[in-house]
file my_file-v3.txt (compact mmCIF, C-alpha atoms and all ligand atoms)
# COMPACT_ATOMS: atom_id res chain seq x y z
CA MET O 264 154.46 -43.72 140.93
CA ALA O 265 157.52 -44.62 138.86
CA LYS O 266 157.77 -48.29 137.98
CA SER O 267 160.60 -50.28 139.49
CA ARG O 268 162.21 -53.35 138.00
CA PHE O 269 160.41 -55.34 140.67
CA GLU O 270 157.00 -54.39 139.34
CA TYR O 271 156.65 -57.63 137.33
CA VAL O 272 155.91 -59.67 140.46
CA ARG O 273 152.47 -58.06 140.43
CA THR O 274 151.59 -60.09 137.34
CA TYR O 275 151.67 -63.19 139.55
CA GLU O 276 148.57 -61.96 141.38
CA GLN O 277 145.27 -63.52 140.47
CA ASP O 278 142.08 -61.55 140.00
CA GLY O 279 139.72 -64.20 141.28
CA MET O 280 136.64 -62.36 140.06
CA LEU O 281 133.36 -63.98 141.06
CA LEU O 282 130.93 -64.80 138.26
CA PRO O 283 128.72 -61.81 137.36
CA ASN O 284 124.94 -61.83 137.72
CA THR O 285 124.90 -64.33 140.58
CA TYR O 286 124.13 -63.93 144.26
CA ILE O 287 127.23 -63.87 146.43
CA VAL O 288 126.77 -65.28 149.92
CA ILE O 289 129.58 -64.64 152.39
CA ARG O 290 129.55 -66.72 155.55
CA LEU O 291 131.68 -65.80 158.54
CA ASP O 292 132.34 -68.19 161.39
CA GLY O 293 134.09 -67.57 164.70
CA ARG O 294 137.44 -69.30 165.02
CA GLY O 295 137.59 -71.74 167.91
CA PHE O 296 134.48 -70.33 169.57
CA HIS O 297 133.90 -73.48 171.55
CA ARG O 298 136.96 -72.55 173.58
CA PHE O 299 136.26 -68.84 173.28
CA ALA O 300 132.80 -69.33 174.81
CA ASP O 301 134.34 -71.21 177.76
CA ARG O 302 137.07 -68.64 178.28
CA TYR O 303 134.55 -65.78 178.57
CA HIS O 304 131.96 -67.84 180.45
CA PHE O 305 129.17 -67.73 177.88
CA GLY O 306 125.91 -69.02 179.33
CA LYS O 307 124.88 -72.50 178.22
CA PRO O 308 123.43 -73.45 175.85
CA ASN O 309 122.80 -69.88 174.65
CA ASP O 310 124.39 -66.69 175.81
CA LYS O 311 121.99 -63.98 174.74
CA ARG O 312 124.51 -61.15 175.05
CA ALA O 313 126.88 -62.99 172.72
CA LEU O 314 124.13 -63.40 170.12
CA CYS O 315 123.13 -59.74 170.46
CA LEU O 316 126.77 -58.76 169.97
CA MET O 317 126.92 -60.84 166.76
CA ASN O 318 123.75 -59.09 165.56
CA ALA O 319 125.09 -55.65 166.42
CA ALA O 320 128.36 -56.29 164.55
CA ALA O 321 126.42 -57.62 161.54
CA LYS O 322 124.24 -54.49 161.49
CA GLN O 323 127.35 -52.30 161.46
CA VAL O 324 128.73 -54.28 158.50
CA MET O 325 125.40 -53.90 156.68
CA GLY O 326 125.43 -50.19 157.42
CA GLN O 327 128.84 -49.84 155.81
CA ILE O 328 128.27 -52.08 152.79
CA PRO O 329 125.03 -51.12 151.02
CA ASP O 330 125.34 -54.02 148.58
CA ILE O 331 124.32 -56.40 151.37
CA ALA O 332 120.64 -57.21 150.89
CA GLY O 333 120.18 -59.36 153.97
CA ALA O 334 121.95 -61.49 156.54
CA TYR O 335 121.27 -64.46 158.78
CA GLY O 336 123.08 -65.25 162.00
CA GLN O 337 123.12 -68.05 164.57
CA SER O 338 125.71 -69.31 167.05
CA ASP O 339 129.12 -67.90 166.02
CA GLU O 340 128.26 -67.48 162.33
CA TYR O 341 126.77 -64.86 160.04
CA SER O 342 125.84 -65.15 156.37
CA PHE O 343 125.50 -62.07 154.18
CA VAL O 344 123.81 -62.11 150.78
CA LEU O 345 124.86 -59.47 148.28
CA ARG O 346 122.68 -58.04 145.54
CA ARG O 347 123.01 -59.86 142.28
CA GLU O 348 124.25 -56.70 140.57
CA CYS O 349 126.89 -56.06 143.23
CA ARG O 350 130.12 -54.66 141.76
CA LEU O 351 131.97 -54.09 145.00
CA PHE O 352 135.75 -54.57 144.50
CA ASP O 353 134.94 -55.69 140.94
CA ARG O 354 133.65 -58.84 142.66
CA ARG O 355 137.17 -59.96 143.55
CA GLU O 356 136.75 -62.83 145.97
CA ALA O 357 139.84 -62.25 148.11
CA LYS O 358 139.00 -58.56 148.58
CA LEU O 359 135.41 -59.39 149.50
CA VAL O 360 136.01 -62.19 151.98
CA SER O 361 138.94 -60.48 153.68
CA THR O 362 137.06 -57.18 153.99
CA PHE O 363 133.97 -58.89 155.41
CA ALA O 364 135.96 -60.90 157.93
CA SER O 365 138.05 -57.96 159.12
CA THR O 366 135.19 -55.44 159.18
CA PHE O 367 133.01 -57.82 161.19
CA THR O 368 135.86 -58.73 163.53
CA ALA O 369 136.70 -55.04 164.09
CA HIS O 370 133.11 -54.22 165.03
CA TYR O 371 132.77 -57.31 167.22
CA GLN O 372 135.85 -56.31 169.19
CA PHE O 373 134.88 -52.64 169.30
CA LEU O 374 131.38 -53.45 170.60
CA TRP O 375 132.53 -56.16 173.01
CA PRO O 376 132.73 -53.89 176.12
CA GLN O 377 129.12 -52.78 175.61
CA TYR O 378 127.92 -56.40 175.80
CA PHE O 379 130.48 -57.81 178.22
CA PRO O 380 131.52 -54.88 180.42
CA GLN O 381 132.84 -57.21 183.12
CA ARG O 382 134.92 -59.40 180.78
CA VAL O 383 137.94 -57.56 179.45
CA LEU O 384 139.27 -59.18 176.27
CA ASP O 385 142.49 -61.10 176.77
CA GLY O 386 145.17 -60.47 174.11
CA ASN O 387 145.89 -64.20 174.08
CA MET O 388 142.31 -65.03 173.14
CA LEU O 389 140.79 -62.45 170.85
CA PRO O 390 137.70 -63.18 168.76
CA THR O 391 138.45 -63.66 165.05
CA PHE O 392 136.32 -64.86 162.14
CA ASP O 393 137.00 -66.73 158.93
CA ALA O 394 135.03 -66.08 155.76
CA ARG O 395 134.12 -67.82 152.53
CA ALA O 396 132.11 -66.79 149.48
CA VAL O 397 129.63 -69.02 147.69
CA LEU O 398 127.77 -68.19 144.46
CA TYR O 399 124.13 -68.99 143.80
CA PRO O 400 122.47 -68.63 140.41
CA SER O 401 118.91 -67.88 141.52
CA LEU O 402 116.74 -66.94 144.46
CA ARG O 403 115.74 -70.59 144.78
CA GLU O 404 119.24 -71.55 145.94
CA VAL O 405 119.59 -68.42 148.07
CA ARG O 406 116.38 -69.33 149.82
CA ASP O 407 117.50 -72.94 150.28
CA TYR O 408 120.83 -71.68 151.60
CA PHE O 409 119.14 -69.67 154.35
CA SER O 410 116.80 -72.59 155.07
CA TRP O 411 119.84 -74.83 155.46
CA ARG O 412 121.40 -72.50 158.04
CA GLN O 413 118.12 -72.18 159.95
CA ALA O 414 117.60 -75.95 159.96
CA ASP O 415 121.13 -76.25 161.38
CA CYS O 416 120.25 -73.68 164.06
CA HIS O 417 117.11 -75.63 164.98
CA ILE O 418 118.78 -79.04 165.17
CA ASN O 419 121.70 -77.78 167.25
CA ASN O 420 119.59 -75.65 169.53
CA LEU O 421 117.06 -78.36 170.30
CA TYR O 422 119.87 -80.79 171.06
CA ASN O 423 121.80 -78.28 173.18
CA THR O 424 118.68 -77.21 175.07
CA ALA O 425 117.87 -80.83 175.93
CA PHE O 426 121.50 -81.61 176.76
CA TRP O 427 122.06 -78.66 179.09
CA THR O 428 118.67 -79.08 180.75
CA LEU O 429 119.62 -82.68 181.59
CA VAL O 430 122.98 -81.51 182.95
CA LEU O 431 122.04 -78.28 184.72
CA THR O 432 118.52 -79.10 185.94
CA GLY O 433 118.52 -82.90 185.78
CA ASP O 434 121.94 -83.20 187.46
CA LEU O 435 123.16 -85.72 184.90
CA SER O 436 126.84 -85.86 184.05
CA GLN O 437 127.69 -84.66 180.53
CA HIS O 438 128.43 -88.26 179.60
CA ASP O 439 125.05 -89.50 180.87
CA ALA O 440 123.20 -86.65 179.16
CA GLU O 441 124.88 -87.59 175.89
CA GLN O 442 123.82 -91.22 176.39
CA ALA O 443 120.26 -90.19 177.21
CA LEU O 444 119.97 -88.27 173.94
CA MET O 445 121.62 -90.87 171.75
CA GLY O 446 119.29 -91.93 168.93
CA THR O 447 116.47 -89.56 169.90
CA ASN O 448 114.56 -87.64 167.25
CA SER O 449 113.22 -84.12 167.65
CA GLY O 450 109.84 -85.37 168.91
CA ASP O 451 111.62 -87.34 171.64
CA LYS O 452 113.61 -84.30 172.69
CA ASN O 453 110.50 -82.09 172.84
CA GLU O 454 108.79 -84.81 174.87
CA LEU O 455 111.73 -85.16 177.24
CA LEU O 456 111.88 -81.40 177.83
CA PHE O 457 108.16 -81.17 178.49
CA GLY O 458 107.57 -84.46 180.30
CA ARG O 459 110.55 -84.31 182.66
CA PHE O 460 111.12 -80.60 183.05
CA GLY O 461 107.85 -78.90 182.07
CA ILE O 462 109.65 -76.97 179.35
CA ASN O 463 107.70 -76.22 176.19
CA TYR O 464 110.47 -75.84 173.64
CA ASN O 465 108.30 -73.52 171.54
CA ASN O 466 108.32 -71.01 174.38
CA GLU O 467 112.10 -70.74 174.35
CA ASP O 468 113.48 -67.42 173.09
CA ALA O 469 112.80 -67.10 169.34
CA MET O 470 116.31 -65.74 168.82
CA PHE O 471 117.67 -69.06 170.09
CA ARG O 472 115.25 -71.22 168.10
CA LYS O 473 115.16 -69.31 164.83
CA GLY O 474 118.39 -67.32 164.73
CA THR O 475 118.37 -63.74 163.47
CA MET O 476 117.44 -62.50 160.02
CA LEU O 477 118.40 -58.96 159.05
CA VAL O 478 116.91 -57.39 155.94
CA ARG O 479 117.42 -54.00 154.43
CA ASP O 480 113.89 -52.79 153.86
CA VAL O 481 114.22 -50.72 150.72
CA GLY O 482 110.48 -50.81 150.08
CA SER O 483 108.97 -51.50 146.69
CA SER O 484 110.57 -49.17 144.16
CA SER O 485 109.47 -48.78 140.56
CA GLU O 486 112.15 -51.27 139.54
CA SER O 487 111.42 -53.94 142.10
CA ALA O 488 108.58 -56.36 141.66
CA GLU O 489 105.60 -56.13 143.97
CA SER O 490 105.19 -59.04 146.32
CA ARG O 491 103.70 -62.02 144.59
CA ASP O 492 102.59 -65.44 145.65
CA GLU O 493 105.40 -67.08 143.71
CA PRO O 494 108.41 -67.29 146.03
CA GLU O 495 110.84 -67.02 143.17
CA PRO O 496 110.68 -63.63 141.52
CA GLU O 497 113.54 -63.86 139.04
CA PRO O 498 114.59 -60.39 138.00
CA GLU O 499 114.63 -59.80 134.26
CA PRO O 500 118.14 -59.58 132.85
CA GLU O 501 119.17 -55.94 132.59
CA GLN O 502 118.09 -54.64 129.20
CA HIS O 503 120.34 -51.61 129.40
CA GLU O 504 123.08 -50.32 131.65
CA LYS O 505 121.72 -48.16 134.42
CA SER O 506 122.82 -44.56 134.28
CA LYS O 507 125.40 -43.45 136.83
CA ARG O 508 122.78 -41.24 138.47
CA GLN O 509 120.33 -44.09 138.76
CA VAL O 510 122.96 -46.34 140.33
CA GLU O 511 123.86 -43.60 142.81
CA ARG O 512 120.23 -42.90 143.64
CA GLU O 513 119.57 -46.57 144.34
CA GLU O 514 122.68 -46.86 146.49
CA LYS O 515 121.64 -43.84 148.52
CA LYS O 516 118.24 -45.39 149.05
CA ARG O 517 119.84 -48.59 150.29
CA ARG O 518 122.12 -46.68 152.63
CA LYS O 519 119.16 -44.90 154.17
CA ALA O 520 116.91 -47.95 154.36
CA GLU O 521 116.07 -49.35 157.76
CA ILE O 522 117.68 -52.64 158.79
CA VAL O 523 114.94 -54.85 160.19
CA GLU O 524 115.73 -57.62 162.70
CA MET O 525 113.54 -60.73 162.75
CA HIS O 526 113.46 -64.03 164.60
CA VAL O 527 111.02 -65.92 162.42
CA ASP O 528 110.70 -69.02 160.33
CA ILE O 529 112.53 -68.49 157.03
CA ILE O 530 111.98 -71.99 155.69
CA GLY O 531 108.27 -71.68 154.83
CA ASP O 532 106.80 -69.49 152.07
CA GLU O 533 105.55 -66.70 154.31
CA PHE O 534 108.88 -64.96 154.86
CA TRP O 535 109.73 -65.02 151.15
CA LYS O 536 106.45 -63.47 150.00
CA ASN O 537 107.89 -60.01 150.50
CA SER O 538 111.43 -60.85 149.46
CA ALA O 539 111.25 -58.44 146.52
CA ARG O 540 111.33 -55.64 149.08
CA TRP O 541 114.87 -56.44 150.08
CA ILE O 542 116.61 -58.78 147.68
CA SER O 543 115.49 -57.91 144.15
P1 LIG O 601 135.80 -73.59 164.24
O1 LIG O 601 136.99 -72.72 164.45
O2 LIG O 601 136.05 -74.79 163.39
O3 LIG O 601 134.60 -72.83 163.74
P2 LIG O 601 134.39 -73.63 166.75
O4 LIG O 601 134.86 -74.05 168.12
O5 LIG O 601 134.11 -72.18 166.55
O6 LIG O 601 135.44 -74.18 165.70
P3 LIG O 601 131.69 -74.11 165.77
O7 LIG O 601 131.19 -75.34 165.07
O8 LIG O 601 131.76 -72.87 164.93
O9 LIG O 601 133.10 -74.49 166.41
O10 LIG O 601 130.77 -73.90 167.03
C1 LIG O 601 130.70 -72.72 167.72
C2 LIG O 601 130.64 -73.01 169.21
O11 LIG O 601 130.74 -71.75 169.92
C3 LIG O 601 129.34 -73.58 169.71
O12 LIG O 601 129.36 -74.97 169.62
C4 LIG O 601 129.27 -73.10 171.15
O13 LIG O 601 130.06 -73.93 171.97
C5 LIG O 601 129.95 -71.76 171.09
N1 LIG O 601 129.02 -70.61 171.01
C6 LIG O 601 128.87 -69.76 169.96
N2 LIG O 601 127.94 -68.82 170.23
C7 LIG O 601 127.47 -69.08 171.47
C8 LIG O 601 126.49 -68.46 172.31
N3 LIG O 601 125.79 -67.38 171.92
N4 LIG O 601 126.27 -68.98 173.54
C9 LIG O 601 126.96 -70.07 173.94
N5 LIG O 601 127.90 -70.70 173.20
C10 LIG O 601 128.15 -70.21 171.98
P1 LIG O 602 142.40 -49.37 148.86
O1 LIG O 602 141.17 -49.50 149.69
O2 LIG O 602 142.19 -49.62 147.42
O3 LIG O 602 143.58 -50.14 149.43
P2 LIG O 602 143.82 -47.08 149.92
O4 LIG O 602 143.39 -45.66 150.05
O5 LIG O 602 143.98 -47.89 151.17
O6 LIG O 602 142.79 -47.80 148.94
P3 LIG O 602 146.53 -47.89 149.21
O7 LIG O 602 147.10 -48.05 147.85
O8 LIG O 602 146.38 -49.12 150.03
O9 LIG O 602 145.18 -47.06 149.07
O10 LIG O 602 147.46 -46.84 149.92
C1 LIG O 602 147.45 -46.64 151.30
C2 LIG O 602 147.57 -45.16 151.59
O11 LIG O 602 147.36 -44.97 152.99
C3 LIG O 602 148.90 -44.53 151.29
O12 LIG O 602 149.00 -44.06 149.96
C4 LIG O 602 148.95 -43.39 152.27
O13 LIG O 602 148.24 -42.27 151.77
C5 LIG O 602 148.16 -43.92 153.45
N1 LIG O 602 149.01 -44.47 154.52
C6 LIG O 602 149.14 -45.75 154.87
N2 LIG O 602 149.98 -45.92 155.88
C7 LIG O 602 150.39 -44.68 156.22
C8 LIG O 602 151.28 -44.17 157.21
N3 LIG O 602 151.89 -44.97 158.09
N4 LIG O 602 151.48 -42.85 157.26
C9 LIG O 602 150.84 -42.03 156.41
N5 LIG O 602 150.01 -42.43 155.44
C10 LIG O 602 149.77 -43.74 155.35
MG MG O 603 133.45 -74.61 161.90
MG MG O 604 133.30 -71.44 164.81
MG MG O 605 130.00 -72.07 163.95
MG MG O 606 144.71 -49.82 151.14
MG MG O 607 148.12 -50.34 150.35

call {"tool": "encode", "arguments": {"input": "my_file-v3.txt", "output": "structure tokens"}}
result
Amino acid sequence: MAKSRFEYVRTYEQDGMLLPNTYIVIRLDGRGFHRFADRYHFGKPNDKRALCLMNAAAKQVMGQIPDIAGAYGQSDEYSFVLRRECRLFDRREAKLVSTFASTFTAHYQFLWPQYFPQRVLDGNMLPTFDARAVLYPSLREVRDYFSWRQADCHINNLYNTAFWTLVLTGDLSQHDAEQALMGTNSGDKNELLFGRFGINYNNEDAMFRKGTMLVRDVGSSSESAESRDEPEPEPEPEQHEKSKRQVEREEKKRRKAEIVEMHVDIIGDEFWKNSARWIS
């Protein structure tokens, strides 16, 4: 296209390229979902359909963006980790975060009627998501990142389970339930649930307690390390550029790979033993 005299304004744009050879984690979070959950009558403390809808939207995003190695979701948030070698959009941050937020939002809205057939979306309160990108230099931090989100899920879910049990089954007011839980630790909350209501917290739905981990199971290829006992298999720096064919072959493999859904502990070593299968 012919250049106009206005073209110079383009030079004001910033590239914002994310550091190469680092893991990019993109976290999305629902905007104002406290109110959103009330408006659409989400069950308390956990609406399973809403969580399944989040998972379904995340799987669609993973299906469309093969550079995503894995993802973790809980409540109204989802975190996606990209392969270290990812070159999508030349790693431009604004392109990445805006594409993730809009692609996820589009799928969430498109899938909504399948999960909430009786609750037509109201144009004055549509679900939207913000997004941010964070860089991590090694698998150690990526692992700690996911542990951090799962610990958050656990703390919130235990509190919310105790709180809503006191309110809905124990007939306490929300104020009194809050008072009753003030200063309690997790042992106290487990004890309260079991002693007063016969609820064994460990028998609650694993999706509620652990959140949802999605991994793209590429299997162990010749390039990826076999599972080892060490949880931190640092890939060797690339000795040579991969050929175009090799890059394409690997991408095809990722596209075809199954996306596996899990509701398990991701803080301990066990989950990370096979991490080379999906994140190397
Ligand atoms: P912000 O826009 O700052 O993110 P927010 O209202 O979305 O504000 P969050 O800290 O993200 O606040 O909390 C999300 C809230 O959404 C939860 O506290 C809960 O009230 C509600 N929520 C999200 N998912 C579910 C679900 N599956 N079932 C019930 N409630 C949910
Ligand atoms: P990228 O993902 O890099 O943005 P792109 O294919 O979206 O790639 P753009 O430079 O954004 O490329 O150009 C958008 C293109 O979409 C236009 O060149 C045109 O072909 C098409 N397009 C957009 N809006 C319309 C429209 N209203 N009618 C017909 N074609 C359209
Ligand atoms: Mg928030
Ligand atoms: Mg939110
Ligand atoms: Mg949130
Ligand atoms: Mg375009
Ligand atoms: Mg355009």

call {"tool": "residues_near_ligand", "arguments": {"input": "my_file-v3.txt", "ligand": "ligand LIG 602 (chain O)", "cutoff": "12 Å", "atoms": "only C-alpha atoms and all ligand atoms", "output": "list in words"}}
result
Met264, Leu351, Phe352, Asp353, Lys358, Leu359, Ser361 and Thr362 of chain O

call {"tool": "closest_atom_pairs", "arguments": {"input": "my_file-v3.txt", "of": "region 375-435 of chain O", "to": "region 317-336 of chain O", "cutoff": "9 Å", "atoms": "only C-alpha atoms", "output": "tab-separated table"}}
result
residue	atom	partner	partner_atom	distance
O:Phe409	CA	O:Tyr335	CA	7.2
O:Arg412	CA	O:Tyr335	CA	8.1
O:Gln413	CA	O:Tyr335	CA	8.4

call {"tool": "residues_near_ligand", "arguments": {"input": "my_file-v3.txt", "ligand": "ligand MG 603 (chain O)", "cutoff": "12 Å", "atoms": "only C-alpha atoms and all ligand atoms", "output": "PyMOL selection string"}}
result
chain O and resi 290-297+338-341+392-395

call {"tool": "closest_atom_pairs", "arguments": {"input": "my_file-v3.txt", "of": "region 338-404 of chain O", "to": "region 300-312 of chain O", "cutoff": "8 Å", "atoms": "all atoms listed in the file", "output": "tab-separated table"}}
result
residue	atom	partner	partner_atom	distance
O:Tyr378	CA	O:Arg312	CA	5.9
O:Phe379	CA	O:Arg312	CA	7.5
O:Arg382	CA	O:Tyr303	CA	6.8

call {"tool": "closest_residue", "arguments": {"input": "my_file-v3.txt", "among": "O:Tyr399, O:Phe299, O:Phe367, O:Trp411", "to": "Asp385 (chain O)", "atoms": "all atoms listed in the file"}}
result
O:Phe299

call {"tool": "atom_distance", "arguments": {"input": "my_file-v3.txt", "atom1": "CA of Ala469 (chain O)", "atom2": "CA of Leu402 (chain O)"}}
result
25.2 Å

call {"tool": "closest_residue", "arguments": {"input": "my_file-v3.txt", "among": "O:Thr428, O:Gln372, O:Lys519, O:Arg298", "to": "ligand MG 604 (chain O)", "atoms": "all atoms listed in the file"}}
result
O:Arg298

call {"tool": "residues_around", "arguments": {"input": "my_file-v3.txt", "residues": "Lys473 (chain O)", "least_positions_apart": "6", "cutoff": "10 Å", "atoms": "only C-alpha atoms", "output": "ChimeraX atom specification"}}
result
/O:335-337,412-417,420,525-529

call {"tool": "residues_around", "arguments": {"input": "my_file-v3.txt", "residues": "Arg517 (chain O)", "least_positions_apart": "3", "cutoff": "8 Å", "atoms": "only C-alpha atoms", "output": "JSON, numbers by chain"}}
result
{"O": [329, 330, 479, 481, 513, 514, 520]}

call {"tool": "residues_around", "arguments": {"input": "my_file-v3.txt", "residues": "Gly450 (chain O)", "least_positions_apart": "2", "cutoff": "12 Å", "atoms": "only C-alpha atoms", "output": "PDB file with C-alpha atoms, in the frame of the given file"}}
result
ATOM      1  CA  ILE O 418     118.780 -79.040 165.170  1.00  0.00           C
ATOM      2  CA  LEU O 421     117.060 -78.360 170.300  1.00  0.00           C
ATOM      3  CA  TYR O 422     119.870 -80.790 171.060  1.00  0.00           C
ATOM      4  CA  ALA O 425     117.870 -80.830 175.930  1.00  0.00           C
ATOM      5  CA  LEU O 444     119.970 -88.270 173.940  1.00  0.00           C
ATOM      6  CA  GLY O 446     119.290 -91.930 168.930  1.00  0.00           C
ATOM      7  CA  THR O 447     116.470 -89.560 169.900  1.00  0.00           C
ATOM      8  CA  ASN O 448     114.560 -87.640 167.250  1.00  0.00           C
ATOM      9  CA  LYS O 452     113.610 -84.300 172.690  1.00  0.00           C
ATOM     10  CA  ASN O 453     110.500 -82.090 172.840  1.00  0.00           C
ATOM     11  CA  GLU O 454     108.790 -84.810 174.870  1.00  0.00           C
ATOM     12  CA  LEU O 455     111.730 -85.160 177.240  1.00  0.00           C
ATOM     13  CA  LEU O 456     111.880 -81.400 177.830  1.00  0.00           C
ATOM     14  CA  PHE O 457     108.160 -81.170 178.490  1.00  0.00           C
ATOM     15  CA  GLY O 458     107.570 -84.460 180.300  1.00  0.00           C
ATOM     16  CA  ASN O 463     107.700 -76.220 176.190  1.00  0.00           C
ATOM     17  CA  TYR O 464     110.470 -75.840 173.640  1.00  0.00           C
TER      18      TYR O 464
END

call {"tool": "build_atoms", "arguments": {"input": "my_file-v3.txt", "residues": "region 327-339 of chain O", "atoms": "N, CA and C atoms", "output": "compact mmCIF listing (two decimals), in the frame of the given file"}}
result
# COMPACT_ATOMS: atom_id res chain seq x y z
N GLN O 327 127.69 -50.33 156.57
CA GLN O 327 128.84 -49.84 155.81
C GLN O 327 128.91 -50.38 154.39
N ILE O 328 128.20 -51.47 154.13
CA ILE O 328 128.27 -52.08 152.79
C ILE O 328 126.85 -52.19 152.22
N PRO O 329 126.43 -51.16 151.48
CA PRO O 329 125.03 -51.12 151.02
C PRO O 329 124.66 -52.24 150.06
N ASP O 330 125.65 -52.92 149.48
CA ASP O 330 125.34 -54.02 148.58
C ASP O 330 124.79 -55.25 149.30
N ILE O 331 124.89 -55.27 150.63
CA ILE O 331 124.32 -56.40 151.37
C ILE O 331 122.81 -56.24 151.41
N ALA O 332 122.11 -57.26 150.90
CA ALA O 332 120.64 -57.21 150.89
C ALA O 332 120.07 -57.72 152.22
N GLY O 333 120.68 -58.77 152.74
CA GLY O 333 120.18 -59.36 153.97
C GLY O 333 121.24 -60.24 154.60
N ALA O 334 120.97 -60.67 155.83
CA ALA O 334 121.95 -61.49 156.54
C ALA O 334 121.23 -62.39 157.53
N TYR O 335 121.84 -63.54 157.79
CA TYR O 335 121.27 -64.46 158.78
C TYR O 335 122.37 -64.91 159.73
N GLY O 336 122.08 -64.86 161.02
CA GLY O 336 123.08 -65.25 162.00
C GLY O 336 122.55 -66.24 163.03
N GLN O 337 123.42 -67.11 163.49
CA GLN O 337 123.12 -68.05 164.57
C GLN O 337 124.47 -68.51 165.14
N SER O 338 124.47 -68.86 166.42
CA SER O 338 125.71 -69.31 167.05
C SER O 338 126.84 -68.31 166.76
N ASP O 339 127.99 -68.81 166.29
CA ASP O 339 129.12 -67.90 166.02
C ASP O 339 129.26 -67.61 164.53
